[in-house]
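Novice: The structure under discussion is supplied below as structure tokens; questions concerning it will follow.
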Amino acid sequence: MIRPTEILRLRFLVHVLGFLTLVGGALPLAADDAAILTAPKKLYAGGKSSAAVTTFDAITREPVARPFVMEIVDSDGSVAAALHSGATGPAGHGFASFDVPALPSGSYKLRASVTALGETLEAPIEISRS
């Protein structure tokens, strides 16, 4: 029988691993680079918003400059809107300011594709028309 303390430890481990997956590989297994996407949970259609990408060497944790593309994707994974194309600087930070497209209200994902990362970063977002 599993004890309650073991259940709590497992829940914590699942929570931590879920967070590490969201930040795009803070514990990467194969890639030399890692990245973090920071974005608001709610965007307002027709308004302005921003998000940030931080890139670093997965082993040394030193910052690295990397190009990235940011877009909004539907629940089926198709691109709903391209938002920004840019790069992180030598300090590993990239900031994307953009106009929020007039998409229907609902749940989407903000996706950042970082060159040399080997995977995309995604954050769940809600778009509101009010």
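In the structure tokens, the first chain shown is A, the next is B, and so on; residue numbers restart at 1 for each chain, and ligands run from 1 in the order shown.
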Find the residues near Glu122 (chain A): any atom within 8 Å, counting only C-alpha atoms, skip ones fewer than 5 places away on the same chain, and give them as a list in words.
Specialist: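 Non-adjacent residues within range: Leu22, Leu37, Lys109, Leu110, Arg111 and Ala112 of chain A.
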Novice: Can you spit out the residues from that selection as a PDB file, in the first residue's frame, using N, CA and C atoms?
Specialist:
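For reference, again.pdb as written:
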```pdb
ATOM      1  N   LEU A  22       7.381  22.683 -19.358  1.00  0.00           N
ATOM      2  CA  LEU A  22       6.886  23.975 -19.814  1.00  0.00           C
ATOM      3  C   LEU A  22       8.024  24.917 -20.132  1.00  0.00           C
ATOM      4  N   LEU A  37      10.246  30.245 -21.784  1.00  0.00           N
ATOM      5  CA  LEU A  37       9.266  31.164 -22.357  1.00  0.00           C
ATOM      6  C   LEU A  37       8.441  31.739 -21.213  1.00  0.00           C
ATOM      7  N   LYS A 109      -2.364  28.476 -27.642  1.00  0.00           N
ATOM      8  CA  LYS A 109      -1.024  28.327 -27.081  1.00  0.00           C
ATOM      9  C   LYS A 109      -0.126  29.356 -27.729  1.00  0.00           C
ATOM     10  N   LEU A 110       0.753  29.919 -26.924  1.00  0.00           N
ATOM     11  CA  LEU A 110       1.794  30.784 -27.438  1.00  0.00           C
ATOM     12  C   LEU A 110       3.001  29.887 -27.657  1.00  0.00           C
ATOM     13  N   ARG A 111       3.511  29.857 -28.882  1.00  0.00           N
ATOM     14  CA  ARG A 111       4.613  28.961 -29.221  1.00  0.00           C
ATOM     15  C   ARG A 111       5.843  29.771 -29.596  1.00  0.00           C
ATOM     16  N   ALA A 112       6.984  29.389 -29.036  1.00  0.00           N
ATOM     17  CA  ALA A 112       8.261  29.979 -29.421  1.00  0.00           C
ATOM     18  C   ALA A 112       9.138  28.862 -29.968  1.00  0.00           C
TER      19      ALA A 112
END
```
Novice: Leaving out region 42-50 of chain A and any residue of its chain fewer than 3 positions from it, which residues lie within 6 Å of it when counting only C-alpha atoms, given as a ChimeraX atom specification?
Specialist: /A:96-102,125-129
Novice: Store the residues of this selection in a file with N, CA and C atoms, as a CSV table (one decimal), in the first residue's frame.
Specialist:
```csv
chain,number,residue,atom,x,y,z
A,96,ALA,N,9.7,40.1,-27.0
A,96,ALA,CA,8.8,40.3,-28.1
A,96,ALA,C,7.6,41.1,-27.8
A,97,SER,N,7.4,42.3,-28.3
A,97,SER,CA,6.2,43.1,-28.2
A,97,SER,C,5.4,42.9,-29.5
A,98,PHE,N,4.1,42.7,-29.3
A,98,PHE,CA,3.3,42.5,-30.5
A,98,PHE,C,1.9,43.0,-30.3
A,99,ASP,N,1.2,43.2,-31.5
A,99,ASP,CA,-0.2,43.4,-31.4
A,99,ASP,C,-1.0,42.1,-31.4
A,100,VAL,N,-1.9,42.0,-30.5
A,100,VAL,CA,-2.7,40.7,-30.3
A,100,VAL,C,-3.7,40.7,-31.5
A,101,PRO,N,-3.7,39.7,-32.3
A,101,PRO,CA,-4.6,39.6,-33.4
A,101,PRO,C,-6.1,39.5,-32.9
A,102,ALA,N,-7.0,39.8,-33.8
A,102,ALA,CA,-8.4,39.8,-33.5
A,102,ALA,C,-8.9,38.4,-33.7
A,125,ILE,N,-2.5,30.0,-23.3
A,125,ILE,CA,-3.0,31.4,-23.2
A,125,ILE,C,-4.5,31.4,-23.5
A,126,GLU,N,-5.1,32.4,-23.0
A,126,GLU,CA,-6.6,32.7,-23.3
A,126,GLU,C,-6.6,34.0,-24.0
A,127,ILE,N,-7.4,34.1,-25.1
A,127,ILE,CA,-7.6,35.3,-25.8
A,127,ILE,C,-9.0,35.7,-25.5
A,128,SER,N,-9.2,37.0,-25.1
A,128,SER,CA,-10.5,37.6,-24.8
A,128,SER,C,-10.8,38.8,-25.7
A,129,ARG,N,-12.0,38.8,-26.2
A,129,ARG,CA,-12.4,39.9,-27.1
A,129,ARG,C,-13.0,41.1,-26.3
```
Novice: Identify, on the basis of only C-alpha atoms, every residue whose closest approach to Thr54 (chain A) does not exceed 6 Å; exclude the query and any residue fewer than 4 positions from it along the same chain; express the result as an NGL selection string.
Specialist: :A and (35-36 or 92-93)
Novice: At what distance in Å, to one decimal, does CA of Tyr108 (chain A) lie from CA of Ser78 (chain A)?
Specialist: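 Answer for the CA of Ser78 (chain A) to CA of Tyr108 (chain A) separation: 10.2 Å.
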Novice: Would you mind telling me which residue in A:Leu117, A:Ala80, A:Ile59, A:Ala52 lies nearest to Leu103 (chain A) when using only C-alpha atoms?
Specialist: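 When distances to Leu103 (chain A) are compared using only C-alpha atoms, the smallest one comes from A:Ala80.
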Novice: Any chance you could list, as an MDAnalysis selection string, the residues in region 14-124 of chain A that come up alpha helix (DSSP H) when DSSP is run on the backbone?
Specialist: chainID A and resid 14:22
Novice: Using only C-alpha atoms, pick whichever of A:Ser107, A:Thr55, A:Thr60, A:Ser113 has the shortest atom-to-atom distance to Leu83 (chain A).
Specialist: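 Of the candidates, the smallest distance to Leu83 (chain A) is held by A:Ser113.
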Novice: Pull the strand (DSSP E or B) assignments for region 31-95 of chain A out of DSSP run on the backbone, and list those residues as an mmCIF file with N, CA, C and O atoms, in the first residue's frame.
Specialist:
```
data_model
loop_
_atom_site.group_PDB
_atom_site.id
_atom_site.type_symbol
_atom_site.label_atom_id
_atom_site.label_comp_id
_atom_site.auth_asym_id
_atom_site.auth_seq_id
_atom_site.Cartn_x
_atom_site.Cartn_y
_atom_site.Cartn_z
ATOM 1 N N ASP A 33 21.311 23.310 -25.832
ATOM 2 C CA ASP A 33 20.697 24.561 -25.417
ATOM 3 C C ASP A 33 19.423 24.288 -24.634
ATOM 4 O O ASP A 33 18.805 23.243 -24.774
ATOM 5 N N ALA A 34 19.054 25.258 -23.825
ATOM 6 C CA ALA A 34 17.785 25.213 -23.107
ATOM 7 C C ALA A 34 17.176 26.604 -23.189
ATOM 8 O O ALA A 34 17.863 27.579 -23.501
ATOM 9 N N ALA A 35 15.876 26.699 -22.935
ATOM 10 C CA ALA A 35 15.199 27.990 -23.040
ATOM 11 C C ALA A 35 13.988 28.032 -22.128
ATOM 12 O O ALA A 35 13.443 26.994 -21.750
ATOM 13 N N ILE A 36 13.598 29.261 -21.812
ATOM 14 C CA ILE A 36 12.418 29.500 -20.987
ATOM 15 C C ILE A 36 11.540 30.512 -21.718
ATOM 16 O O ILE A 36 12.035 31.522 -22.213
ATOM 17 N N LEU A 37 10.246 30.245 -21.784
ATOM 18 C CA LEU A 37 9.266 31.164 -22.357
ATOM 19 C C LEU A 37 8.441 31.739 -21.213
ATOM 20 O O LEU A 37 7.882 30.984 -20.414
ATOM 21 N N THR A 38 8.383 33.056 -21.146
ATOM 22 C CA THR A 38 7.581 33.732 -20.129
ATOM 23 C C THR A 38 6.505 34.542 -20.844
ATOM 24 O O THR A 38 6.822 35.395 -21.675
ATOM 25 N N LYS A 42 -3.414 35.693 -20.181
ATOM 26 C CA LYS A 42 -4.560 36.239 -20.907
ATOM 27 C C LYS A 42 -4.104 37.372 -21.815
ATOM 28 O O LYS A 42 -3.364 38.260 -21.381
ATOM 29 N N LEU A 43 -4.558 37.315 -23.060
ATOM 30 C CA LEU A 43 -4.284 38.360 -24.040
ATOM 31 C C LEU A 43 -5.616 38.933 -24.501
ATOM 32 O O LEU A 43 -6.611 38.210 -24.574
ATOM 33 N N TYR A 44 -5.626 40.217 -24.838
ATOM 34 C CA TYR A 44 -6.854 40.874 -25.266
ATOM 35 C C TYR A 44 -6.780 41.191 -26.755
ATOM 36 O O TYR A 44 -5.898 41.941 -27.191
ATOM 37 N N LYS A 48 -2.263 45.189 -27.124
ATOM 38 C CA LYS A 48 -0.833 44.946 -27.221
ATOM 39 C C LYS A 48 -0.419 44.019 -26.088
ATOM 40 O O LYS A 48 -1.013 44.028 -25.018
ATOM 41 N N SER A 49 0.613 43.223 -26.341
ATOM 42 C CA SER A 49 1.125 42.334 -25.313
ATOM 43 C C SER A 49 2.600 42.080 -25.577
ATOM 44 O O SER A 49 3.173 42.625 -26.527
ATOM 45 N N SER A 50 3.190 41.255 -24.737
ATOM 46 C CA SER A 50 4.596 40.912 -24.908
ATOM 47 C C SER A 50 4.878 39.579 -24.230
ATOM 48 O O SER A 50 4.097 39.097 -23.416
ATOM 49 N N ALA A 51 5.998 39.008 -24.618
ATOM 50 C CA ALA A 51 6.471 37.766 -24.016
ATOM 51 C C ALA A 51 7.994 37.785 -24.083
ATOM 52 O O ALA A 51 8.581 38.563 -24.838
ATOM 53 N N ALA A 52 8.623 36.933 -23.293
ATOM 54 C CA ALA A 52 10.086 36.905 -23.247
ATOM 55 C C ALA A 52 10.598 35.486 -23.431
ATOM 56 O O ALA A 52 9.978 34.524 -22.991
ATOM 57 N N VAL A 53 11.740 35.384 -24.085
ATOM 58 C CA VAL A 53 12.435 34.115 -24.251
ATOM 59 C C VAL A 53 13.837 34.290 -23.667
ATOM 60 O O VAL A 53 14.498 35.294 -23.919
ATOM 61 N N THR A 54 14.249 33.318 -22.872
ATOM 62 C CA THR A 54 15.592 33.310 -22.308
ATOM 63 C C THR A 54 16.275 32.034 -22.783
ATOM 64 O O THR A 54 15.701 30.949 -22.659
ATOM 65 N N THR A 55 17.484 32.167 -23.328
ATOM 66 C CA THR A 55 18.213 31.005 -23.831
ATOM 67 C C THR A 55 19.554 30.880 -23.118
ATOM 68 O O THR A 55 20.189 31.880 -22.791
ATOM 69 N N PHE A 56 19.948 29.621 -22.886
ATOM 70 C CA PHE A 56 21.214 29.376 -22.188
ATOM 71 C C PHE A 56 21.743 27.997 -22.529
ATOM 72 O O PHE A 56 21.021 27.140 -23.022
ATOM 73 N N ASP A 57 23.025 27.805 -22.287
ATOM 74 C CA ASP A 57 23.658 26.512 -22.486
ATOM 75 C C ASP A 57 23.167 25.580 -21.390
ATOM 76 O O ASP A 57 23.215 25.914 -20.206
ATOM 77 N N PRO A 63 24.506 32.199 -20.701
ATOM 78 C CA PRO A 63 23.564 32.672 -21.718
ATOM 79 C C PRO A 63 24.125 32.474 -23.122
ATOM 80 O O PRO A 63 25.344 32.514 -23.329
ATOM 81 N N PRO A 67 18.258 32.804 -32.420
ATOM 82 C CA PRO A 67 17.062 33.310 -33.095
ATOM 83 C C PRO A 67 15.816 32.551 -32.620
ATOM 84 O O PRO A 67 15.901 31.377 -32.262
ATOM 85 N N PHE A 68 14.682 33.251 -32.630
ATOM 86 C CA PHE A 68 13.426 32.591 -32.289
ATOM 87 C C PHE A 68 12.271 33.211 -33.062
ATOM 88 O O PHE A 68 12.346 34.348 -33.516
ATOM 89 N N VAL A 69 11.209 32.420 -33.222
ATOM 90 C CA VAL A 69 9.972 32.862 -33.857
ATOM 91 C C VAL A 69 8.845 32.584 -32.881
ATOM 92 O O VAL A 69 8.799 31.526 -32.257
ATOM 93 N N MET A 70 7.940 33.558 -32.741
ATOM 94 C CA MET A 70 6.820 33.403 -31.808
ATOM 95 C C MET A 70 5.513 33.476 -32.578
ATOM 96 O O MET A 70 5.353 34.321 -33.457
ATOM 97 N N GLU A 71 4.575 32.577 -32.222
ATOM 98 C CA GLU A 71 3.282 32.535 -32.898
ATOM 99 C C GLU A 71 2.204 32.013 -31.954
ATOM 100 O O GLU A 71 2.508 31.419 -30.922
ATOM 101 N N ILE A 72 0.956 32.261 -32.326
ATOM 102 C CA ILE A 72 -0.188 31.712 -31.592
ATOM 103 C C ILE A 72 -0.685 30.511 -32.378
ATOM 104 O O ILE A 72 -0.829 30.584 -33.604
ATOM 105 N N VAL A 73 -0.939 29.407 -31.674
ATOM 106 C CA VAL A 73 -1.447 28.206 -32.336
ATOM 107 C C VAL A 73 -2.800 27.812 -31.749
ATOM 108 O O VAL A 73 -3.072 28.022 -30.567
ATOM 109 N N VAL A 79 -1.114 27.085 -36.949
ATOM 110 C CA VAL A 79 -0.738 28.462 -36.636
ATOM 111 C C VAL A 79 -1.926 29.389 -36.876
ATOM 112 O O VAL A 79 -2.467 29.449 -37.974
ATOM 113 N N ALA A 80 -2.332 30.107 -35.835
ATOM 114 C CA ALA A 80 -3.432 31.064 -35.935
ATOM 115 C C ALA A 80 -2.907 32.451 -36.287
ATOM 116 O O ALA A 80 -3.586 33.222 -36.953
ATOM 117 N N ALA A 81 -1.675 32.772 -35.841
ATOM 118 C CA ALA A 81 -1.086 34.079 -36.127
ATOM 119 C C ALA A 81 0.408 34.063 -35.851
ATOM 120 O O ALA A 81 0.851 33.520 -34.830
ATOM 121 N N ALA A 82 1.172 34.654 -36.754
ATOM 122 C CA ALA A 82 2.599 34.870 -36.524
ATOM 123 C C ALA A 82 2.737 36.184 -35.764
ATOM 124 O O ALA A 82 2.089 37.175 -36.109
ATOM 125 N N LEU A 83 3.544 36.201 -34.713
ATOM 126 C CA LEU A 83 3.644 37.384 -33.862
ATOM 127 C C LEU A 83 4.974 38.109 -33.947
ATOM 128 O O LEU A 83 5.020 39.334 -33.963
ATOM 129 N N HIS A 84 6.078 37.360 -33.954
ATOM 130 C CA HIS A 84 7.385 38.009 -33.822
ATOM 131 C C HIS A 84 8.479 37.091 -34.338
ATOM 132 O O HIS A 84 8.429 35.879 -34.150
ATOM 133 N N SER A 85 9.470 37.693 -34.955
ATOM 134 C CA SER A 85 10.674 36.983 -35.349
ATOM 135 C C SER A 85 11.844 37.824 -34.867
ATOM 136 O O SER A 85 11.924 39.021 -35.169
ATOM 137 N N GLY A 86 12.728 37.240 -34.078
ATOM 138 C CA GLY A 86 13.836 38.001 -33.513
ATOM 139 C C GLY A 86 14.883 37.069 -32.949
ATOM 140 O O GLY A 86 14.996 35.919 -33.364
ATOM 141 N N ALA A 87 15.625 37.572 -31.991
ATOM 142 C CA ALA A 87 16.689 36.771 -31.387
ATOM 143 C C ALA A 87 16.942 37.233 -29.966
ATOM 144 O O ALA A 87 16.663 38.373 -29.613
ATOM 145 N N HIS A 93 18.610 37.024 -23.452
ATOM 146 C CA HIS A 93 17.234 37.500 -23.278
ATOM 147 C C HIS A 93 16.693 38.073 -24.580
ATOM 148 O O HIS A 93 17.379 38.844 -25.251
ATOM 149 N N GLY A 94 15.471 37.691 -24.914
ATOM 150 C CA GLY A 94 14.776 38.250 -26.064
ATOM 151 C C GLY A 94 13.385 38.664 -25.648
ATOM 152 O O GLY A 94 12.690 37.933 -24.942
ATOM 153 N N PHE A 95 12.979 39.849 -26.071
ATOM 154 C CA PHE A 95 11.691 40.394 -25.676
ATOM 155 C C PHE A 95 10.876 40.631 -26.930
ATOM 156 O O PHE A 95 11.356 41.266 -27.873
#
```
